[in-house]
file structure.cif (mmCIF, C-alpha atoms; chains and numbers go by the auth columns)
data_final
loop_
_atom_site.group_PDB
_atom_site.id
_atom_site.type_symbol
_atom_site.label_atom_id
_atom_site.label_comp_id
_atom_site.label_asym_id
_atom_site.label_seq_id
_atom_site.Cartn_x
_atom_site.Cartn_y
_atom_site.Cartn_z
_atom_site.B_iso_or_equiv
_atom_site.auth_seq_id
_atom_site.auth_asym_id
ATOM 1 C CA MET A 1 80.663 153.199 129.190 0.00 297 A
ATOM 2 C CA GLY A 2 78.575 151.461 126.533 0.00 298 A
ATOM 3 C CA LYS A 3 81.655 151.251 124.381 0.00 299 A
ATOM 4 C CA ASN A 4 83.684 149.724 127.202 0.00 300 A
ATOM 5 C CA LYS A 5 80.933 147.213 127.846 0.00 301 A
ATOM 6 C CA ASN A 6 80.936 146.209 124.159 0.00 302 A
ATOM 7 C CA MET A 7 84.735 146.034 124.231 0.00 303 A
ATOM 8 C CA THR A 8 84.653 143.754 127.260 0.00 304 A
ATOM 9 C CA LYS A 9 82.022 141.613 125.612 0.00 305 A
ATOM 10 C CA THR A 10 84.122 141.431 122.415 0.00 306 A
ATOM 11 C CA LYS A 11 87.202 140.509 124.443 0.00 307 A
ATOM 12 C CA LYS A 12 85.242 137.783 126.216 0.00 308 A
ATOM 13 C CA ILE A 13 84.019 136.392 122.884 0.00 309 A
ATOM 14 C CA ILE A 14 87.555 136.471 121.437 0.00 310 A
ATOM 15 C CA LEU A 15 88.884 134.809 124.579 0.00 311 A
ATOM 16 C CA ILE A 16 86.169 132.105 124.422 0.00 312 A
ATOM 17 C CA VAL A 17 86.870 131.481 120.700 0.00 313 A
ATOM 18 C CA LEU A 18 90.624 131.270 121.410 0.00 314 A
ATOM 19 C CA LEU A 19 90.009 128.860 124.284 0.00 315 A
ATOM 20 C CA ILE A 20 87.786 126.725 122.049 0.00 316 A
ATOM 21 C CA ILE A 21 90.449 126.705 119.317 0.00 317 A
ATOM 22 C CA ILE A 22 93.139 125.784 121.865 0.00 318 A
ATOM 23 C CA ALA A 23 90.905 123.025 123.302 0.00 319 A
ATOM 24 C CA VAL A 24 90.240 121.634 119.811 0.00 320 A
ATOM 25 C CA VAL A 25 93.961 121.686 118.909 0.00 321 A
ATOM 26 C CA VAL A 26 94.985 120.096 122.222 0.00 322 A
ATOM 27 C CA GLY A 27 92.196 117.524 121.909 0.00 323 A
ATOM 28 C CA TRP A 28 93.166 116.713 118.324 0.00 324 A
ATOM 29 C CA TYR A 29 96.851 116.427 119.298 0.00 325 A
ATOM 30 C CA GLY A 30 95.963 114.227 122.275 0.00 326 A
ATOM 31 C CA LEU A 31 93.802 112.006 120.082 0.00 327 A
ATOM 32 C CA LYS A 32 96.616 111.614 117.547 0.00 328 A
ATOM 33 C CA LYS A 33 99.078 110.740 120.314 0.00 329 A
ATOM 34 C CA TYR A 34 96.602 108.207 121.760 0.00 330 A
ATOM 35 C CA GLU A 35 96.117 106.629 118.322 0.00 331 A
ATOM 36 C CA GLN A 36 99.885 106.439 117.897 0.00 332 A
ATOM 37 C CA TRP A 37 100.343 104.880 121.344 0.00 333 A
ATOM 38 C CA SER A 38 97.516 102.454 120.688 0.00 334 A
ATOM 39 C CA PHE A 39 99.019 101.461 117.325 0.00 335 A
ATOM 40 C CA TRP A 40 102.459 100.805 118.853 0.00 336 A
ATOM 41 C CA ARG A 41 100.917 98.880 121.722 0.00 337 A
ATOM 42 C CA GLU A 42 99.110 96.638 119.217 0.00 338 A
ATOM 43 C CA MET A 43 102.306 96.234 117.161 0.00 339 A
ATOM 44 C CA ARG A 44 104.234 95.265 120.302 0.00 340 A
ATOM 45 C CA SER A 45 101.528 92.753 121.218 0.00 341 A
ATOM 46 C CA GLN A 46 101.629 91.208 117.745 0.00 342 A
ATOM 47 C CA ALA A 47 105.436 91.092 117.820 0.00 343 A
ATOM 48 C CA ASP A 48 105.303 89.327 121.194 0.00 344 A
ATOM 49 C CA GLN A 49 102.771 86.815 119.828 0.00 345 A
ATOM 50 C CA PHE A 50 104.940 86.239 116.761 0.00 346 A
ATOM 51 C CA THR A 51 108.041 85.706 118.909 0.00 347 A
ATOM 52 C CA SER A 52 106.131 83.347 121.168 0.00 348 A
ATOM 53 C CA GLU A 53 104.871 81.326 118.175 0.00 349 A
ATOM 54 C CA GLN A 54 108.343 81.323 116.654 0.00 350 A
ATOM 55 C CA ASN A 55 109.820 79.988 119.910 0.00 351 A
ATOM 56 C CA ARG A 56 107.091 77.343 120.116 0.00 352 A
ATOM 57 C CA LEU A 57 107.793 76.168 116.567 0.00 353 A
ATOM 58 C CA LYS A 58 111.546 76.202 117.199 0.00 354 A
ATOM 59 C CA ALA A 59 111.069 73.959 120.235 0.00 355 A
ATOM 60 C CA LEU A 60 108.863 71.592 118.209 0.00 356 A
ATOM 61 C CA VAL A 61 111.419 71.481 115.388 0.00 357 A
ATOM 62 C CA GLU A 62 114.255 70.763 117.821 0.00 358 A
ATOM 63 C CA ALA A 63 112.274 67.962 119.458 0.00 359 A
ATOM 64 C CA ASP A 64 111.184 66.405 116.141 0.00 360 A
ATOM 65 C CA THR A 65 113.096 63.207 115.373 0.00 361 A
ATOM 66 C CA TYR A 66 110.945 61.752 112.573 0.00 362 A
ATOM 67 C CA GLY A 67 112.747 61.671 109.261 0.00 363 A
ATOM 68 C CA GLY A 68 115.744 60.251 107.488 0.00 364 A
ATOM 69 C CA LYS A 69 119.321 61.334 106.998 0.00 365 A
ATOM 70 C CA THR A 70 118.545 61.927 103.321 0.00 366 A
ATOM 71 C CA PRO A 71 115.430 63.055 101.437 0.00 367 A
ATOM 72 C CA GLN A 72 115.272 59.581 99.883 0.00 368 A
ATOM 73 C CA GLU A 73 115.262 57.927 103.306 0.00 369 A
ATOM 74 C CA THR A 74 112.497 60.226 104.546 0.00 370 A
ATOM 75 C CA LEU A 75 110.398 59.506 101.459 0.00 371 A
ATOM 76 C CA THR A 76 110.899 55.751 101.928 0.00 372 A
ATOM 77 C CA MET A 77 109.804 55.995 105.589 0.00 373 A
ATOM 78 C CA PHE A 78 106.801 58.075 104.572 0.00 374 A
ATOM 79 C CA ILE A 79 105.702 55.593 101.885 0.00 375 A
ATOM 80 C CA SER A 80 106.106 52.659 104.298 0.00 376 A
ATOM 81 C CA ALA A 81 103.903 54.357 106.902 0.00 377 A
ATOM 82 C CA VAL A 82 101.221 55.179 104.320 0.00 378 A
ATOM 83 C CA GLU A 83 101.263 51.633 102.934 0.00 379 A
ATOM 84 C CA VAL A 84 100.502 50.133 106.357 0.00 380 A
ATOM 85 C CA GLY A 85 97.845 52.762 107.047 0.00 381 A
ATOM 86 C CA ASP A 86 99.748 54.510 109.860 0.00 382 A
ATOM 87 C CA TYR A 87 98.746 58.007 108.840 0.00 383 A
ATOM 88 C CA GLU A 88 99.669 59.429 112.233 0.00 384 A
ATOM 89 C CA LEU A 89 103.256 58.318 111.649 0.00 385 A
ATOM 90 C CA ALA A 90 103.166 59.330 107.985 0.00 386 A
ATOM 91 C CA SER A 91 102.129 62.876 108.928 0.00 387 A
ATOM 92 C CA LYS A 92 105.170 63.162 111.209 0.00 388 A
ATOM 93 C CA TYR A 93 107.497 63.061 108.196 0.00 389 A
ATOM 94 C CA PHE A 94 106.171 66.476 107.207 0.00 390 A
ATOM 95 C CA VAL A 95 107.508 69.723 108.616 0.00 391 A
ATOM 96 C CA VAL A 96 105.957 70.581 111.981 0.00 392 A
ATOM 97 C CA GLU A 97 103.661 73.246 110.515 0.00 393 A
ATOM 98 C CA LYS A 98 102.068 70.771 108.089 0.00 394 A
ATOM 99 C CA GLN A 99 101.629 67.701 110.311 0.00 395 A
ATOM 100 C CA GLU A 100 98.075 68.434 111.500 0.00 396 A
ATOM 101 C CA GLU A 101 97.024 69.365 107.980 0.00 397 A
ATOM 102 C CA TRP A 102 98.314 66.042 106.651 0.00 398 A
ATOM 103 C CA LYS A 103 96.586 64.041 109.370 0.00 399 A
ATOM 104 C CA SER A 104 93.371 65.526 107.994 0.00 400 A
ATOM 105 C CA ASN A 105 94.433 65.078 104.362 0.00 401 A
ATOM 106 C CA PHE A 106 94.880 61.332 104.786 0.00 402 A
ATOM 107 C CA ALA A 107 91.277 61.055 105.957 0.00 403 A
ATOM 108 C CA ILE A 108 89.960 62.590 102.724 0.00 404 A
ATOM 109 C CA ILE A 109 92.152 60.796 100.181 0.00 405 A
ATOM 110 C CA LYS A 110 89.615 58.673 98.313 0.00 406 A
ATOM 111 C CA ASN A 111 91.945 56.275 96.495 0.00 407 A
ATOM 112 C CA MET A 112 94.862 55.459 98.762 0.00 408 A
ATOM 113 C CA ASP A 113 96.275 52.884 96.327 0.00 409 A
ATOM 114 C CA GLU A 114 96.517 55.559 93.647 0.00 410 A
ATOM 115 C CA TYR A 115 98.113 57.962 96.136 0.00 411 A
ATOM 116 C CA ILE A 116 100.730 55.341 97.101 0.00 412 A
ATOM 117 C CA LYS A 117 101.408 54.651 93.410 0.00 413 A
ATOM 118 C CA ASP A 118 101.928 58.376 92.743 0.00 414 A
ATOM 119 C CA THR A 119 104.180 58.740 95.771 0.00 415 A
ATOM 120 C CA LYS A 120 106.289 55.774 94.659 0.00 416 A
ATOM 121 C CA GLU A 121 106.607 57.494 91.290 0.00 417 A
ATOM 122 C CA ILE A 122 108.200 60.427 93.112 0.00 418 A
ATOM 123 C CA LYS A 123 110.638 57.983 94.692 0.00 419 A
ATOM 124 C CA ASN A 124 111.459 56.531 91.268 0.00 420 A
ATOM 125 C CA ASN A 125 112.363 60.036 90.044 0.00 421 A
ATOM 126 C CA ILE A 126 114.283 61.147 93.117 0.00 422 A
ATOM 127 C CA ASN A 127 117.589 61.020 91.227 0.00 423 A
ATOM 128 C CA SER A 128 116.323 63.863 89.050 0.00 424 A
ATOM 129 C CA GLY A 129 115.929 66.047 92.141 0.00 425 A
ATOM 130 C CA ARG A 130 118.237 68.904 93.051 0.00 426 A
ATOM 131 C CA TYR A 131 119.743 70.216 96.249 0.00 427 A
ATOM 132 C CA SER A 132 119.813 73.931 96.974 0.00 428 A
ATOM 133 C CA TYR A 133 123.175 75.694 96.971 0.00 429 A
ATOM 134 C CA GLU A 134 123.337 75.441 100.772 0.00 430 A
ATOM 135 C CA LYS A 135 122.220 71.779 100.627 0.00 431 A
ATOM 136 C CA ASP A 136 119.340 72.510 103.041 0.00 432 A
ATOM 137 C CA TRP A 137 116.549 72.044 100.471 0.00 433 A
ATOM 138 C CA PHE A 138 115.929 69.242 98.010 0.00 434 A
ATOM 139 C CA SER A 139 113.272 69.412 95.328 0.00 435 A
ATOM 140 C CA ILE A 140 111.864 67.082 92.731 0.00 436 A
ATOM 141 C CA GLU A 141 109.850 68.636 89.920 0.00 437 A
ATOM 142 C CA LYS A 142 108.248 65.568 88.332 0.00 438 A
ATOM 143 C CA PRO A 143 105.924 63.744 88.525 0.00 439 A
ATOM 144 C CA ILE A 144 104.717 65.809 91.507 0.00 440 A
ATOM 145 C CA HIS A 145 106.520 68.891 92.768 0.00 441 A
ATOM 146 C CA THR A 146 107.978 67.731 96.077 0.00 442 A
ATOM 147 C CA VAL A 147 110.200 69.688 98.460 0.00 443 A
ATOM 148 C CA PHE A 148 112.234 68.469 101.426 0.00 444 A
ATOM 149 C CA ILE A 149 114.030 70.627 103.957 0.00 445 A
ATOM 150 C CA LEU A 150 116.882 69.794 106.292 0.00 446 A
ATOM 151 C CA TYR A 151 116.122 70.410 109.957 0.00 447 A
ATOM 152 C CA PRO A 152 118.891 71.735 112.229 0.00 448 A
ATOM 153 C CA ASN A 153 119.136 68.315 113.914 0.00 449 A
ATOM 154 C CA GLY A 154 120.143 66.739 110.580 0.00 450 A
ATOM 155 C CA ILE A 155 116.891 65.050 109.558 0.00 451 A
ATOM 156 C CA TRP A 156 115.039 65.674 106.321 0.00 452 A
ATOM 157 C CA LYS A 157 111.353 66.579 106.384 0.00 453 A
ATOM 158 C CA ILE A 158 108.755 66.827 103.642 0.00 454 A
ATOM 159 C CA LYS A 159 107.719 70.440 103.146 0.00 455 A
ATOM 160 C CA GLN A 160 105.504 69.959 100.121 0.00 456 A
ATOM 161 C CA ILE A 161 104.162 67.055 98.158 0.00 457 A
#
call {"tool": "encode", "arguments": {"input": "structure.cif", "output": "structure tokens"}}
result
Amino acid sequence: MGKNKNMTKTKKIILIVLLIIIAVVVGWYGLKKYEQWSFWREMRSQADQFTSEQNRLKALVEADTYGGKTPQETLTMFISAVEVGDYELASKYFVVEKQEEWKSNFAIIKNMDEYIKDTKEIKNNINSGRYSYEKDWFSIEKPIHTVFILYPNGIWKIKQI
């Protein structure tokens, strides 16, 4: 009977070890599945935020009417607004994503006369600019790298100056 008792005890220990191993494997698998679910949930949330932001920007772009029918016209409007000190209006000639940044930039430009002179120099060199193949971008390399883009509503906006 002592042998049977030891055998039963050994079987119990083996059973407990097997149950522990099964619990660890199931727990590990469950944790991995939770991490995967959590990752995809976060990715879905970020994708939704991106789509929402993209839709917001699209609506702003569609509603934006500030700009000319050519890059030259937009640059002329921009220079005129800067010359009279209407920086709010001047910032609206930039693409939607850059307008707030340029409102702030105008406040920190120390020598506005020099800035206007430099911007007019861009205008003087606009004939050296080039359109993209699709004619939806226009860039001037000198004196200051300047890029314009064509909005879907047919107006040109300053992307970079």
call {"tool": "resolve_selection", "arguments": {"input": "structure.cif", "expression": "the PyMOL selection byres ((chain A and resi 426-441) around 9)", "output": "PDB file with C-alpha atoms, keeping the file's coordinate frame"}}
result
ATOM      1  CA  PRO A 367     115.430  63.055 101.437  1.00  0.00           C
ATOM      2  CA  ASP A 414     101.928  58.376  92.743  1.00  0.00           C
ATOM      3  CA  THR A 415     104.180  58.740  95.771  1.00  0.00           C
ATOM      4  CA  GLU A 417     106.607  57.494  91.290  1.00  0.00           C
ATOM      5  CA  ILE A 418     108.200  60.427  93.112  1.00  0.00           C
ATOM      6  CA  ASN A 421     112.363  60.036  90.044  1.00  0.00           C
ATOM      7  CA  ILE A 422     114.283  61.147  93.117  1.00  0.00           C
ATOM      8  CA  ASN A 423     117.589  61.020  91.227  1.00  0.00           C
ATOM      9  CA  SER A 424     116.323  63.863  89.050  1.00  0.00           C
ATOM     10  CA  GLY A 425     115.929  66.047  92.141  1.00  0.00           C
ATOM     11  CA  THR A 442     107.978  67.731  96.077  1.00  0.00           C
ATOM     12  CA  VAL A 443     110.200  69.688  98.460  1.00  0.00           C
ATOM     13  CA  PHE A 444     112.234  68.469 101.426  1.00  0.00           C
ATOM     14  CA  ILE A 445     114.030  70.627 103.957  1.00  0.00           C
ATOM     15  CA  LEU A 446     116.882  69.794 106.292  1.00  0.00           C
ATOM     16  CA  TYR A 447     116.122  70.410 109.957  1.00  0.00           C
ATOM     17  CA  TRP A 452     115.039  65.674 106.321  1.00  0.00           C
ATOM     18  CA  GLN A 456     105.504  69.959 100.121  1.00  0.00           C
ATOM     19  CA  ILE A 457     104.162  67.055  98.158  1.00  0.00           C
TER      20      ILE A 457
END
call {"tool": "residues_around", "arguments": {"input": "structure.cif", "residues": "Phe374 of chain A", "least_positions_apart": "5", "cutoff": "12 Å", "atoms": "all atoms listed in the file", "output": "MDAnalysis selection string"}}
result
chainID A and resid 362:364 367:369 379:390 398 412 415:416 418:419 452:454 457
call {"tool": "residues_around", "arguments": {"input": "structure.cif", "residues": "Glu358 of chain A", "least_positions_apart": "6", "cutoff": "12 Å", "atoms": "only C-alpha atoms", "output": "PyMOL selection string"}}
result
chain A and resi 351-352+391-392+446-451
call {"tool": "atom_distance", "arguments": {"input": "structure.cif", "atom1": "atom CA of Glu396 of chain A", "atom2": "atom CA of Ser376 of chain A"}}
result
19.1 Å
call {"tool": "atom_distance", "arguments": {"input": "structure.cif", "atom1": "atom CA of Lys413 of chain A", "atom2": "atom CA of Ile375 of chain A"}}
result
9.5 Å
call {"tool": "axis_aligned_box", "arguments": {"input": "structure.cif", "around": "segment 339-343 of chain A", "padding_each_side": "4 Å", "output": "JSON"}}
result
{"center_x": 103.5, "center_y": 93.7, "center_z": 119.2, "size_x": 11.9, "size_y": 13.1, "size_z": 12.1}
call {"tool": "atom_distance", "arguments": {"input": "structure.cif", "atom1": "atom CA of Leu314 of chain A", "atom2": "atom CA of Trp333 of chain A"}}
result
28.1 Å
call {"tool": "build_atoms", "arguments": {"input": "structure.cif", "residues": "segment 323-346 of chain A", "atoms": "N, CA and C atoms", "output": "PDB file, keeping the file's coordinate frame"}}
result
ATOM      1  N   GLY A 323      92.954 118.772 122.004  1.00  0.00           N
ATOM      2  CA  GLY A 323      92.196 117.524 121.909  1.00  0.00           C
ATOM      3  C   GLY A 323      92.606 116.714 120.693  1.00  0.00           C
ATOM      4  N   TRP A 324      92.751 117.385 119.546  1.00  0.00           N
ATOM      5  CA  TRP A 324      93.166 116.713 118.324  1.00  0.00           C
ATOM      6  C   TRP A 324      94.562 116.115 118.494  1.00  0.00           C
ATOM      7  N   TYR A 325      95.486 116.896 119.072  1.00  0.00           N
ATOM      8  CA  TYR A 325      96.851 116.427 119.298  1.00  0.00           C
ATOM      9  C   TYR A 325      96.843 115.230 120.260  1.00  0.00           C
ATOM     10  N   GLY A 326      96.067 115.330 121.318  1.00  0.00           N
ATOM     11  CA  GLY A 326      95.963 114.227 122.275  1.00  0.00           C
ATOM     12  C   GLY A 326      95.400 112.978 121.626  1.00  0.00           C
ATOM     13  N   LEU A 327      94.398 113.143 120.788  1.00  0.00           N
ATOM     14  CA  LEU A 327      93.802 112.006 120.082  1.00  0.00           C
ATOM     15  C   LEU A 327      94.832 111.353 119.162  1.00  0.00           C
ATOM     16  N   LYS A 328      95.590 112.156 118.437  1.00  0.00           N
ATOM     17  CA  LYS A 328      96.616 111.614 117.547  1.00  0.00           C
ATOM     18  C   LYS A 328      97.682 110.862 118.354  1.00  0.00           C
ATOM     19  N   LYS A 329      98.089 111.415 119.461  1.00  0.00           N
ATOM     20  CA  LYS A 329      99.078 110.740 120.314  1.00  0.00           C
ATOM     21  C   LYS A 329      98.513 109.442 120.879  1.00  0.00           C
ATOM     22  N   TYR A 330      97.242 109.425 121.253  1.00  0.00           N
ATOM     23  CA  TYR A 330      96.602 108.207 121.760  1.00  0.00           C
ATOM     24  C   TYR A 330      96.545 107.149 120.659  1.00  0.00           C
ATOM     25  N   GLU A 331      96.170 107.570 119.441  1.00  0.00           N
ATOM     26  CA  GLU A 331      96.117 106.629 118.322  1.00  0.00           C
ATOM     27  C   GLU A 331      97.501 106.042 118.047  1.00  0.00           C
ATOM     28  N   GLN A 332      98.513 106.902 118.117  1.00  0.00           N
ATOM     29  CA  GLN A 332      99.885 106.439 117.897  1.00  0.00           C
ATOM     30  C   GLN A 332     100.297 105.456 118.994  1.00  0.00           C
ATOM     31  N   TRP A 333     100.025 105.772 120.212  1.00  0.00           N
ATOM     32  CA  TRP A 333     100.343 104.880 121.344  1.00  0.00           C
ATOM     33  C   TRP A 333      99.597 103.555 121.207  1.00  0.00           C
ATOM     34  N   SER A 334      98.334 103.648 120.849  1.00  0.00           N
ATOM     35  CA  SER A 334      97.516 102.454 120.688  1.00  0.00           C
ATOM     36  C   SER A 334      98.054 101.578 119.553  1.00  0.00           C
ATOM     37  N   PHE A 335      98.451 102.192 118.452  1.00  0.00           N
ATOM     38  CA  PHE A 335      99.019 101.461 117.325  1.00  0.00           C
ATOM     39  C   PHE A 335     100.294 100.736 117.742  1.00  0.00           C
ATOM     40  N   TRP A 336     101.201 101.422 118.431  1.00  0.00           N
ATOM     41  CA  TRP A 336     102.459 100.805 118.853  1.00  0.00           C
ATOM     42  C   TRP A 336     102.232  99.725 119.897  1.00  0.00           C
ATOM     43  N   ARG A 337     101.246  99.910 120.735  1.00  0.00           N
ATOM     44  CA  ARG A 337     100.917  98.880 121.722  1.00  0.00           C
ATOM     45  C   ARG A 337     100.440  97.614 121.010  1.00  0.00           C
ATOM     46  N   GLU A 338      99.590  97.782 119.992  1.00  0.00           N
ATOM     47  CA  GLU A 338      99.110  96.638 119.217  1.00  0.00           C
ATOM     48  C   GLU A 338     100.262  95.978 118.459  1.00  0.00           C
ATOM     49  N   MET A 339     101.150  96.781 117.875  1.00  0.00           N
ATOM     50  CA  MET A 339     102.306  96.234 117.161  1.00  0.00           C
ATOM     51  C   MET A 339     103.202  95.438 118.115  1.00  0.00           C
ATOM     52  N   ARG A 340     103.413  95.964 119.302  1.00  0.00           N
ATOM     53  CA  ARG A 340     104.234  95.265 120.302  1.00  0.00           C
ATOM     54  C   ARG A 340     103.578  93.952 120.696  1.00  0.00           C
ATOM     55  N   SER A 341     102.258  93.965 120.864  1.00  0.00           N
ATOM     56  CA  SER A 341     101.528  92.753 121.218  1.00  0.00           C
ATOM     57  C   SER A 341     101.655  91.710 120.112  1.00  0.00           C
ATOM     58  N   GLN A 342     101.497  92.134 118.862  1.00  0.00           N
ATOM     59  CA  GLN A 342     101.629  91.208 117.745  1.00  0.00           C
ATOM     60  C   GLN A 342     103.052  90.676 117.628  1.00  0.00           C
ATOM     61  N   ALA A 343     104.037  91.536 117.862  1.00  0.00           N
ATOM     62  CA  ALA A 343     105.436  91.092 117.820  1.00  0.00           C
ATOM     63  C   ALA A 343     105.695  90.066 118.916  1.00  0.00           C
ATOM     64  N   ASP A 344     105.146  90.290 120.095  1.00  0.00           N
ATOM     65  CA  ASP A 344     105.303  89.327 121.194  1.00  0.00           C
ATOM     66  C   ASP A 344     104.647  87.996 120.845  1.00  0.00           C
ATOM     67  N   GLN A 345     103.453  88.047 120.241  1.00  0.00           N
ATOM     68  CA  GLN A 345     102.771  86.815 119.828  1.00  0.00           C
ATOM     69  C   GLN A 345     103.579  86.085 118.762  1.00  0.00           C
ATOM     70  N   PHE A 346     104.127  86.834 117.814  1.00  0.00           N
ATOM     71  CA  PHE A 346     104.940  86.239 116.761  1.00  0.00           C
ATOM     72  C   PHE A 346     106.175  85.571 117.358  1.00  0.00           C
TER      73      PHE A 346
END
